[in-house]
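Student: data-v9.cif is the file, holding mmCIF, C-alpha atoms:
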```cif
data_target
loop_
_atom_site.label_atom_id
_atom_site.label_comp_id
_atom_site.auth_asym_id
_atom_site.auth_seq_id
_atom_site.Cartn_x
_atom_site.Cartn_y
_atom_site.Cartn_z
CA MET A 28 -3.16 22.81 32.56
CA GLN A 29 -0.41 21.36 30.40
CA ALA A 30 2.30 23.61 29.01
CA ILE A 31 5.81 23.54 27.57
CA THR A 32 8.20 25.15 30.04
CA VAL A 33 11.85 26.17 30.39
CA ARG A 34 13.55 26.62 33.75
CA ASP A 35 17.31 26.57 33.13
CA ARG A 36 18.81 29.27 30.89
CA GLU A 37 22.09 27.40 30.59
CA ALA A 38 20.32 24.25 29.38
CA GLY A 39 18.55 26.14 26.58
CA VAL A 40 16.40 23.92 24.37
CA ARG A 41 17.61 20.86 26.28
CA GLY A 42 15.60 22.17 29.23
CA LEU A 43 12.25 22.22 27.43
CA THR A 44 9.69 19.96 29.11
CA LEU A 45 5.94 19.28 29.09
CA ASP A 46 4.66 20.18 32.57
CA ASP A 47 1.52 20.84 34.55
CA LEU A 48 1.10 24.51 35.47
CA PRO A 49 -1.61 26.44 37.32
CA HIS A 50 -4.35 27.96 35.19
CA PRO A 51 -3.34 31.56 34.28
CA HIS A 52 -4.97 34.54 35.95
CA THR A 53 -6.19 37.64 34.16
CA ALA A 54 -4.81 41.09 34.84
CA GLU A 55 -6.74 44.23 34.00
CA ASN A 56 -7.66 44.37 30.28
CA ASP A 57 -6.57 40.74 29.81
CA VAL A 58 -8.38 37.77 28.38
CA ILE A 59 -7.75 34.08 28.93
CA VAL A 60 -7.52 32.28 25.60
CA ARG A 61 -8.11 28.57 25.29
CA VAL A 62 -5.31 27.81 22.87
CA HIS A 63 -6.19 25.88 19.73
CA ALA A 64 -2.91 26.45 17.87
CA ALA A 65 0.39 28.11 18.72
CA GLY A 66 3.44 29.34 16.87
CA PHE A 67 6.98 29.68 18.20
CA THR A 68 10.34 31.12 17.19
CA ARG A 69 13.32 28.82 17.66
CA GLY A 70 15.59 31.66 18.77
CA GLU A 71 13.33 32.90 21.54
CA LEU A 72 15.20 31.06 24.28
CA ASP A 73 17.98 33.58 23.64
CA TRP A 74 15.66 36.52 24.33
CA PRO A 75 16.12 38.11 27.78
CA ALA A 76 12.34 38.44 28.19
CA THR A 77 12.01 34.66 28.12
CA TRP A 78 13.77 34.54 31.47
CA THR A 79 12.98 37.80 33.28
CA ASP A 80 10.00 40.11 33.57
CA ARG A 81 10.08 43.83 32.79
CA ALA A 82 11.47 44.58 36.24
CA GLY A 83 14.37 42.20 35.66
CA HIS A 84 13.06 39.52 38.05
CA ASP A 85 13.38 35.83 37.25
CA ARG A 86 10.07 34.52 35.90
CA THR A 87 10.85 30.84 35.35
CA PRO A 88 9.32 28.43 34.72
CA SER A 89 8.55 30.24 31.47
CA VAL A 90 6.22 29.14 28.69
CA PRO A 91 7.60 29.93 25.22
CA GLY A 92 5.60 30.65 22.07
CA HIS A 93 4.22 34.09 21.25
CA GLU A 94 1.70 33.43 18.50
CA VAL A 95 -1.73 32.20 19.48
CA SER A 96 -5.03 31.28 17.91
CA GLY A 97 -7.94 30.12 19.99
CA VAL A 98 -11.16 31.03 21.76
CA VAL A 99 -11.73 33.57 24.53
CA ALA A 100 -12.45 31.62 27.72
CA GLU A 101 -12.49 34.44 30.29
CA LEU A 102 -12.44 38.23 30.44
CA GLY A 103 -10.35 40.23 32.88
CA PHE A 104 -11.55 43.34 34.68
CA GLY A 105 -12.11 46.26 32.31
CA THR A 106 -11.70 44.21 29.14
CA THR A 107 -13.73 45.48 26.21
CA GLY A 108 -13.97 44.68 22.51
CA LEU A 109 -13.94 40.88 22.88
CA THR A 110 -16.45 38.36 24.22
CA VAL A 111 -16.31 34.91 25.82
CA GLY A 112 -16.49 32.23 23.13
CA GLN A 113 -15.07 34.49 20.40
CA ARG A 114 -12.39 33.15 18.04
CA VAL A 115 -9.25 35.29 18.24
CA PHE A 116 -5.60 35.29 17.22
CA GLY A 117 -2.58 37.48 17.88
CA LEU A 118 0.60 38.03 19.87
CA THR A 119 1.29 37.25 23.50
CA ASP A 120 3.51 39.58 25.51
CA TRP A 121 7.27 38.95 25.20
CA ALA A 122 7.79 39.10 28.99
CA ARG A 123 4.85 36.89 30.01
CA ASN A 124 4.08 33.22 29.58
CA GLY A 125 3.39 32.30 25.99
CA SER A 126 1.16 30.15 23.87
CA LEU A 127 2.63 26.63 24.08
CA ALA A 128 0.02 25.83 26.69
CA GLU A 129 -3.63 24.91 26.95
CA TYR A 130 -4.51 28.41 28.19
CA VAL A 131 -2.73 31.77 28.04
CA ALA A 132 -3.40 35.25 29.43
CA VAL A 133 -3.11 37.96 26.77
CA GLU A 134 -3.78 41.68 26.68
CA ALA A 135 -7.00 42.10 24.71
CA ARG A 136 -5.50 44.81 22.52
CA ASN A 137 -2.95 42.29 21.18
CA LEU A 138 -5.68 40.06 19.75
CA ALA A 139 -7.92 40.37 16.71
CA PRO A 140 -11.15 38.56 15.86
CA LEU A 141 -10.58 35.45 13.75
CA PRO A 142 -13.10 34.70 10.98
CA ALA A 143 -14.79 31.32 11.24
CA ASP A 144 -13.43 30.16 7.88
CA VAL A 145 -9.74 30.70 8.76
CA ASP A 146 -8.20 27.63 10.41
CA HIS A 147 -6.48 28.10 13.75
CA THR A 148 -3.26 26.54 12.44
CA VAL A 149 -3.09 29.13 9.66
CA ALA A 150 -3.91 31.96 12.05
CA ALA A 151 -1.19 30.89 14.49
CA ALA A 152 1.40 31.20 11.71
CA LEU A 153 0.36 34.73 10.83
CA PRO A 154 0.94 37.24 13.69
CA ILE A 155 4.73 37.60 13.90
CA SER A 156 5.44 36.88 10.23
CA GLY A 157 2.57 38.96 8.88
CA LEU A 158 3.06 41.97 11.14
CA THR A 159 6.84 41.90 10.66
CA ALA A 160 6.47 41.84 6.88
CA TRP A 161 3.95 44.68 6.86
CA GLN A 162 5.79 46.89 9.34
CA GLY A 163 9.14 46.37 7.64
CA LEU A 164 7.89 47.13 4.15
CA PHE A 165 5.40 49.90 4.75
CA ASP A 166 5.82 51.42 8.24
CA HIS A 167 9.63 51.55 8.20
CA ALA A 168 10.70 51.41 4.54
CA ARG A 169 7.65 53.27 3.15
CA LEU A 170 7.57 51.01 0.09
CA ALA A 171 5.35 52.51 -2.61
CA THR A 172 3.84 51.48 -5.94
CA GLY A 173 6.43 51.46 -8.70
CA GLN A 174 9.40 51.05 -6.37
CA SER A 175 11.67 48.01 -6.21
CA VAL A 176 12.48 45.79 -3.22
CA LEU A 177 14.98 43.00 -2.57
CA ILE A 178 13.70 40.55 0.07
CA HIS A 179 16.19 38.19 1.69
CA GLY A 180 14.90 34.86 2.96
CA ALA A 181 12.02 35.20 0.51
CA ALA A 182 10.82 31.61 0.98
CA GLY A 183 10.81 31.87 4.77
CA ALA A 184 8.04 32.74 7.18
CA VAL A 185 8.49 36.52 7.04
CA GLY A 186 9.93 36.72 3.54
CA SER A 187 7.17 34.73 1.85
CA ILE A 188 4.53 37.09 3.23
CA ALA A 189 6.64 40.15 2.42
CA VAL A 190 6.92 39.01 -1.21
CA GLN A 191 3.16 38.73 -1.55
CA LEU A 192 2.43 42.05 0.16
CA ALA A 193 5.01 43.90 -1.92
CA VAL A 194 3.74 42.44 -5.18
CA GLU A 195 0.16 43.39 -4.33
CA ALA A 196 1.35 46.91 -3.49
CA GLY A 197 2.66 47.27 -7.04
CA ALA A 198 6.39 47.01 -6.32
CA ARG A 199 8.95 45.14 -8.39
CA VAL A 200 10.09 42.30 -6.15
CA ILE A 201 13.38 40.43 -6.20
CA GLY A 202 13.32 37.46 -3.85
CA ALA A 203 16.63 36.17 -2.51
CA GLY A 204 17.38 32.79 -0.96
CA ARG A 205 18.89 29.36 -1.46
CA SER A 206 18.91 27.67 -4.84
CA ALA A 207 16.20 25.24 -3.74
CA ASP A 208 13.84 28.12 -2.99
CA ARG A 209 13.75 29.56 -6.51
CA GLU A 210 10.47 28.01 -7.68
CA THR A 211 8.71 28.73 -4.39
CA VAL A 212 9.68 32.39 -4.47
CA LEU A 213 8.66 32.85 -8.08
CA GLU A 214 5.34 31.09 -7.42
CA LEU A 215 4.68 33.61 -4.64
CA GLY A 216 4.82 36.33 -7.28
CA ALA A 217 8.39 37.62 -7.17
CA HIS A 218 9.52 39.10 -10.48
CA ALA A 219 13.07 37.78 -10.15
CA PHE A 220 15.14 35.51 -7.91
CA LEU A 221 18.64 36.11 -6.51
CA ASP A 222 20.46 32.90 -5.62
CA LEU A 223 22.53 33.72 -2.54
CA GLU A 224 24.58 30.57 -3.09
CA ALA A 225 25.52 31.17 -6.74
CA ASP A 226 24.64 34.66 -7.99
CA ARG A 227 26.59 37.85 -7.52
CA PHE A 228 24.87 40.47 -5.38
CA GLU A 229 25.45 43.09 -8.03
CA GLU A 230 23.14 41.18 -10.39
CA ALA A 231 20.19 42.41 -8.37
CA GLY A 232 20.93 46.00 -9.34
CA GLN A 233 20.03 48.92 -7.12
CA VAL A 234 16.66 48.89 -5.38
CA ASP A 235 14.62 51.30 -3.31
CA VAL A 236 14.30 48.90 -0.38
CA VAL A 237 16.22 45.91 0.96
CA PHE A 238 14.32 43.83 3.53
CA ASP A 239 16.77 41.62 5.44
CA VAL A 240 15.98 38.76 7.81
CA ILE A 241 19.44 37.12 7.78
CA GLY A 242 21.96 39.60 9.16
CA GLY A 243 25.74 39.24 9.14
CA GLU A 244 27.59 39.52 5.86
CA ILE A 245 24.34 39.46 3.85
CA LEU A 246 23.11 42.53 5.71
CA ASP A 247 26.41 44.39 5.33
CA ARG A 248 26.72 43.70 1.61
CA SER A 249 23.13 44.73 1.00
CA ALA A 250 23.81 48.37 1.88
CA THR A 251 25.49 48.97 -1.49
CA LEU A 252 22.34 47.83 -3.30
CA VAL A 253 20.16 50.61 -1.89
CA ARG A 254 19.81 53.55 -4.25
CA PRO A 255 19.98 57.15 -2.93
CA GLY A 256 17.02 57.93 -0.72
CA GLY A 257 16.26 54.26 -0.17
CA THR A 258 16.03 52.12 2.95
CA LEU A 259 17.77 49.02 4.30
CA VAL A 260 15.46 47.47 6.89
CA THR A 261 16.35 44.44 9.00
CA ILE A 262 14.99 42.34 11.83
CA ALA A 263 18.22 40.36 12.30
CA GLN A 264 20.48 42.80 14.14
CA PRO A 265 21.27 46.51 14.37
CA PRO A 266 23.05 47.34 11.09
CA THR A 267 26.68 48.46 11.18
CA VAL A 268 26.67 49.68 7.58
CA ARG A 269 24.39 52.39 6.22
CA PRO A 270 23.53 52.95 2.55
CA ASP A 271 25.04 56.04 0.94
CA ASP A 272 22.40 58.77 1.03
CA GLY A 273 19.90 56.33 2.53
CA GLN A 274 18.80 54.98 5.88
CA ALA A 275 19.19 51.72 7.77
CA VAL A 276 16.49 50.58 10.18
CA PHE A 277 16.41 47.76 12.72
CA PHE A 278 13.07 47.01 14.36
CA VAL A 279 11.18 44.53 16.51
CA VAL A 280 7.62 43.67 15.55
CA GLU A 281 4.81 45.32 17.52
CA PRO A 282 1.22 44.16 18.09
CA ASP A 283 -1.42 45.77 15.89
CA ARG A 284 -5.04 44.58 16.12
CA ALA A 285 -6.26 46.45 13.04
CA ARG A 286 -3.43 45.12 10.88
CA LEU A 287 -3.99 41.56 12.11
CA ALA A 288 -7.63 41.84 11.08
CA ASP A 289 -6.54 43.11 7.66
CA LEU A 290 -4.11 40.21 7.21
CA ALA A 291 -6.81 37.70 8.18
CA GLN A 292 -9.11 39.22 5.58
CA ARG A 293 -6.40 38.86 2.94
CA VAL A 294 -6.12 35.17 3.84
CA ARG A 295 -9.91 34.79 3.52
CA ASP A 296 -9.88 36.49 0.14
CA GLY A 297 -7.10 34.25 -1.16
CA ARG A 298 -4.80 37.25 -1.58
CA LEU A 299 -2.31 35.97 1.01
CA ARG A 300 -0.92 32.47 1.41
CA VAL A 301 0.56 31.43 4.76
CA ARG A 302 3.05 28.61 4.45
CA VAL A 303 2.31 26.03 7.16
CA GLY A 304 4.72 23.13 6.87
CA ALA A 305 3.96 20.79 9.77
CA VAL A 306 1.28 20.61 12.46
CA ARG A 307 2.17 18.70 15.61
CA PRO A 308 0.40 18.13 18.96
CA LEU A 309 1.49 19.78 22.20
CA ALA A 310 3.04 16.51 23.35
CA GLU A 311 5.49 16.76 20.42
CA ALA A 312 6.24 20.46 20.82
CA VAL A 313 9.66 19.86 22.41
CA ALA A 314 10.72 17.73 19.46
CA ALA A 315 9.36 20.34 17.03
CA PHE A 316 11.26 23.09 18.83
CA THR A 317 14.58 21.25 18.85
CA THR A 318 14.64 19.53 15.45
CA ARG A 319 17.28 20.57 12.95
CA GLU A 320 15.28 19.24 10.02
CA ARG A 321 14.54 21.98 7.49
CA ILE A 322 10.79 21.88 6.86
CA PRO A 323 9.34 24.26 4.25
CA GLY A 324 6.80 26.50 5.97
CA ARG A 325 6.07 27.14 9.62
CA THR A 326 5.75 24.36 12.18
CA ILE A 327 2.61 24.96 14.22
CA ILE A 328 1.54 23.27 17.44
CA ARG A 329 -2.06 22.11 17.55
CA VAL A 330 -3.05 22.33 21.22
CA THR A 331 -6.83 21.83 21.13
CA GLU A 332 -8.99 20.40 18.36
CA ASP A 333 -11.80 22.59 17.05
#
```
Let me see the file written as structure tokens.
Tutor:
Amino acid sequence: MQAITVRDREAGVRGLTLDDLPHPHTAENDVIVRVHAAGFTRGELDWPATWTDRAGHDRTPSVPGHEVSGVVAELGFGTTGLTVGQRVFGLTDWARNGSLAEYVAVEARNLAPLPADVDHTVAAALPISGLTAWQGLFDHARLATGQSVLIHGAAGAVGSIAVQLAVEAGARVIGAGRSADRETVLELGAHAFLDLEADRFEEAGQVDVVFDVIGGEILDRSATLVRPGGTLVTIAQPPTVRPDDGQAVFFVVEPDRARLADLAQRVRDGRLRVRVGAVRPLAEAVAAFTTRERIPGRTIIRVTED
């Protein structure tokens, strides 16, 4: 099969190539997915699990990409809950070969059924962003109806979904980002916009929750905006500053089949918009991975046509 691979950690993105690899084998409780569309995170070549397995052994050549949408092609021993030919989407394991390939082996529990009327390119943009937004807002920050939340990077992959989920939950939402993102964020339903390039942080006022995806100075300065009893939650880096009389949480997204199914239903119902910016074939995945062009919405790799 064809796949995008990396072999040299020092080369980084310069080492990405389109190669021929053996067809993957299923472990117990695995399925083989014929990949129709795949999502990737540009920073994943910096993740240790891209280069070593859980025992610390080198696992190159590695296939990046950890979001997948496709069709079940094969069941491993003991696999239940899915069937051959079923449309599925979800997360591949961080320490195993990923989804920028024609086929990928995935633990069945990391996949959810994909409704027939949700396009694979949309589904491939949903797992990491959707689960991260949900888990940050509700599992870690416990955002509730009537509370307020400031969401950094509100026009981005995670932030745009977080805005919509928070609004639907009945929270007052302040979206933060670059000046050019104002209209996008307000169209997603945010009640107010904080321009990180021109506005003063203090203009946001105190909020119950800050959801950060940026890190650095933005993360540190956000701690003062959290009112007593509130939560600063981030996916960027472990926080070094904690809100007064509040908590600071750093987390990494986890698979959740039931939540994926819920997110897909929201997409079907028109309650959740997933911002897909560009769709490119597997042969152009290296260029998509390495480009510095800022494209609104996620770039998704179309591997197999429906």
Student: Running the PyMOL selection byres ((chain A and resi 52) around 12) on this model by hand, what would come out? Give it as a PyMOL selection string.
Tutor: chain A and resi 48-51+53-60+100-104+123-124+130-134
Student: Atoms to include: C-alpha atoms. Write the selected residues as an mmCIF file, in the frame of the given file.
Tutor:
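And here is the file that came out, again07.cif:
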```cif
data_model
loop_
_atom_site.group_PDB
_atom_site.id
_atom_site.type_symbol
_atom_site.label_atom_id
_atom_site.label_comp_id
_atom_site.auth_asym_id
_atom_site.auth_seq_id
_atom_site.Cartn_x
_atom_site.Cartn_y
_atom_site.Cartn_z
ATOM 1 C CA LEU A 48 1.100 24.510 35.470
ATOM 2 C CA PRO A 49 -1.610 26.440 37.320
ATOM 3 C CA HIS A 50 -4.350 27.960 35.190
ATOM 4 C CA PRO A 51 -3.340 31.560 34.280
ATOM 5 C CA THR A 53 -6.190 37.640 34.160
ATOM 6 C CA ALA A 54 -4.810 41.090 34.840
ATOM 7 C CA GLU A 55 -6.740 44.230 34.000
ATOM 8 C CA ASN A 56 -7.660 44.370 30.280
ATOM 9 C CA ASP A 57 -6.570 40.740 29.810
ATOM 10 C CA VAL A 58 -8.380 37.770 28.380
ATOM 11 C CA ILE A 59 -7.750 34.080 28.930
ATOM 12 C CA VAL A 60 -7.520 32.280 25.600
ATOM 13 C CA ALA A 100 -12.450 31.620 27.720
ATOM 14 C CA GLU A 101 -12.490 34.440 30.290
ATOM 15 C CA LEU A 102 -12.440 38.230 30.440
ATOM 16 C CA GLY A 103 -10.350 40.230 32.880
ATOM 17 C CA PHE A 104 -11.550 43.340 34.680
ATOM 18 C CA ARG A 123 4.850 36.890 30.010
ATOM 19 C CA ASN A 124 4.080 33.220 29.580
ATOM 20 C CA TYR A 130 -4.510 28.410 28.190
ATOM 21 C CA VAL A 131 -2.730 31.770 28.040
ATOM 22 C CA ALA A 132 -3.400 35.250 29.430
ATOM 23 C CA VAL A 133 -3.110 37.960 26.770
ATOM 24 C CA GLU A 134 -3.780 41.680 26.680
#
```
Student: Near A:Glu230, counting only C-alpha atoms, which residues have an atom at most 12 Å away, once you skip same-chain residues fewer than 3 positions from it, shown as a PDB file with C-alpha atoms, keeping the file's coordinate frame?
Tutor:
```
ATOM      1  CA  LEU A 177      14.980  43.000  -2.570  1.00  0.00           C
ATOM      2  CA  ILE A 201      13.380  40.430  -6.200  1.00  0.00           C
ATOM      3  CA  ALA A 203      16.630  36.170  -2.510  1.00  0.00           C
ATOM      4  CA  ALA A 219      13.070  37.780 -10.150  1.00  0.00           C
ATOM      5  CA  PHE A 220      15.140  35.510  -7.910  1.00  0.00           C
ATOM      6  CA  LEU A 221      18.640  36.110  -6.510  1.00  0.00           C
ATOM      7  CA  ASP A 222      20.460  32.900  -5.620  1.00  0.00           C
ATOM      8  CA  LEU A 223      22.530  33.720  -2.540  1.00  0.00           C
ATOM      9  CA  ALA A 225      25.520  31.170  -6.740  1.00  0.00           C
ATOM     10  CA  ASP A 226      24.640  34.660  -7.990  1.00  0.00           C
ATOM     11  CA  ARG A 227      26.590  37.850  -7.520  1.00  0.00           C
ATOM     12  CA  GLN A 233      20.030  48.920  -7.120  1.00  0.00           C
ATOM     13  CA  VAL A 234      16.660  48.890  -5.380  1.00  0.00           C
ATOM     14  CA  SER A 249      23.130  44.730   1.000  1.00  0.00           C
ATOM     15  CA  LEU A 252      22.340  47.830  -3.300  1.00  0.00           C
TER      16      LEU A 252
END
```
Student: Could you list the residues chosen by the PyMOL selection byres ((chain A and resi 165) around 12) in this structure as a list of chain:residue names?
Tutor: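 Applied to this file, the PyMOL selection byres ((chain A and resi 165) around 12) returns A:Leu158, A:Thr159, A:Ala160, A:Trp161, A:Gln162, A:Gly163, A:Leu164, A:Asp166, A:His167, A:Ala168, A:Arg169, A:Leu170, A:Ala171, A:Thr172, A:Gln174, A:Val176, A:Ala189, A:Leu192, A:Ala193, A:Ala196, A:Ala198, A:Val236, A:Phe238, A:Thr258, A:Val260, A:Arg286.
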Student: Would you kindly identify which residues have an atom no farther than 7 Å from (4.3, 22.3, 27.9), using all atoms listed in the file and the file's own coordinates, and write them out as a ChimeraX atom specification?
Tutor: /A:29-32,44-46,127-128,309
Student: Residues of the last selection are to be written out with C-alpha atoms, as a short mmCIF file (atom, residue, chain, number, x, y, z; two decimals), keeping the file's coordinate frame.
Tutor:
```
data_model
loop_
_atom_site.label_atom_id
_atom_site.label_comp_id
_atom_site.auth_asym_id
_atom_site.auth_seq_id
_atom_site.Cartn_x
_atom_site.Cartn_y
_atom_site.Cartn_z
CA GLN A 29 -0.41 21.36 30.40
CA ALA A 30 2.30 23.61 29.01
CA ILE A 31 5.81 23.54 27.57
CA THR A 32 8.20 25.15 30.04
CA THR A 44 9.69 19.96 29.11
CA LEU A 45 5.94 19.28 29.09
CA ASP A 46 4.66 20.18 32.57
CA LEU A 127 2.63 26.63 24.08
CA ALA A 128 0.02 25.83 26.69
CA LEU A 309 1.49 19.78 22.20
#
```
Student: Please put the answer as JSON: centre and edge lengths, in Å with one decimal, of a box along x, y and z that encloses all listed atoms of stretch 126-140 of chain A plus 4 Å on each side.
Tutor:
```
{"center_x": -4.3, "center_y": 34.9, "center_z": 22.6, "size_x": 21.8, "size_y": 27.9, "size_z": 21.6}
```
Student: Report the residues retrieved by the PyMOL selection byres ((chain A and resi 186) around 10) from the displayed file, expressed as a PyMOL selection string.
Tutor: chain A and resi 156-157+159-160+178-185+187-192+202-204+212+238-240
Student: Can you list, as an MDAnalysis selection string, every protein, DNA or RNA residue that comes within 8 Å of A:Ala285 when you count only C-alpha atoms, leaving out same-chain residues fewer than 3 positions away?
Tutor: chainID A and resid 139 288:289
Student: Figure out the distance between atom CA of A:Thr326 and atom CA of A:Val303, please, to one decimal in Å.
Tutor: 6.3 Å
Student: Taking all atoms listed in the file into account, which of A:Arg269, A:Arg300, A:Arg284, A:Arg321 comes nearest A:Ala207?
Tutor: A:Arg321
Student: Atom CA of A:Leu43 to atom CA of A:Ala64: how many Å, to one decimal?
Tutor: 18.4 Å
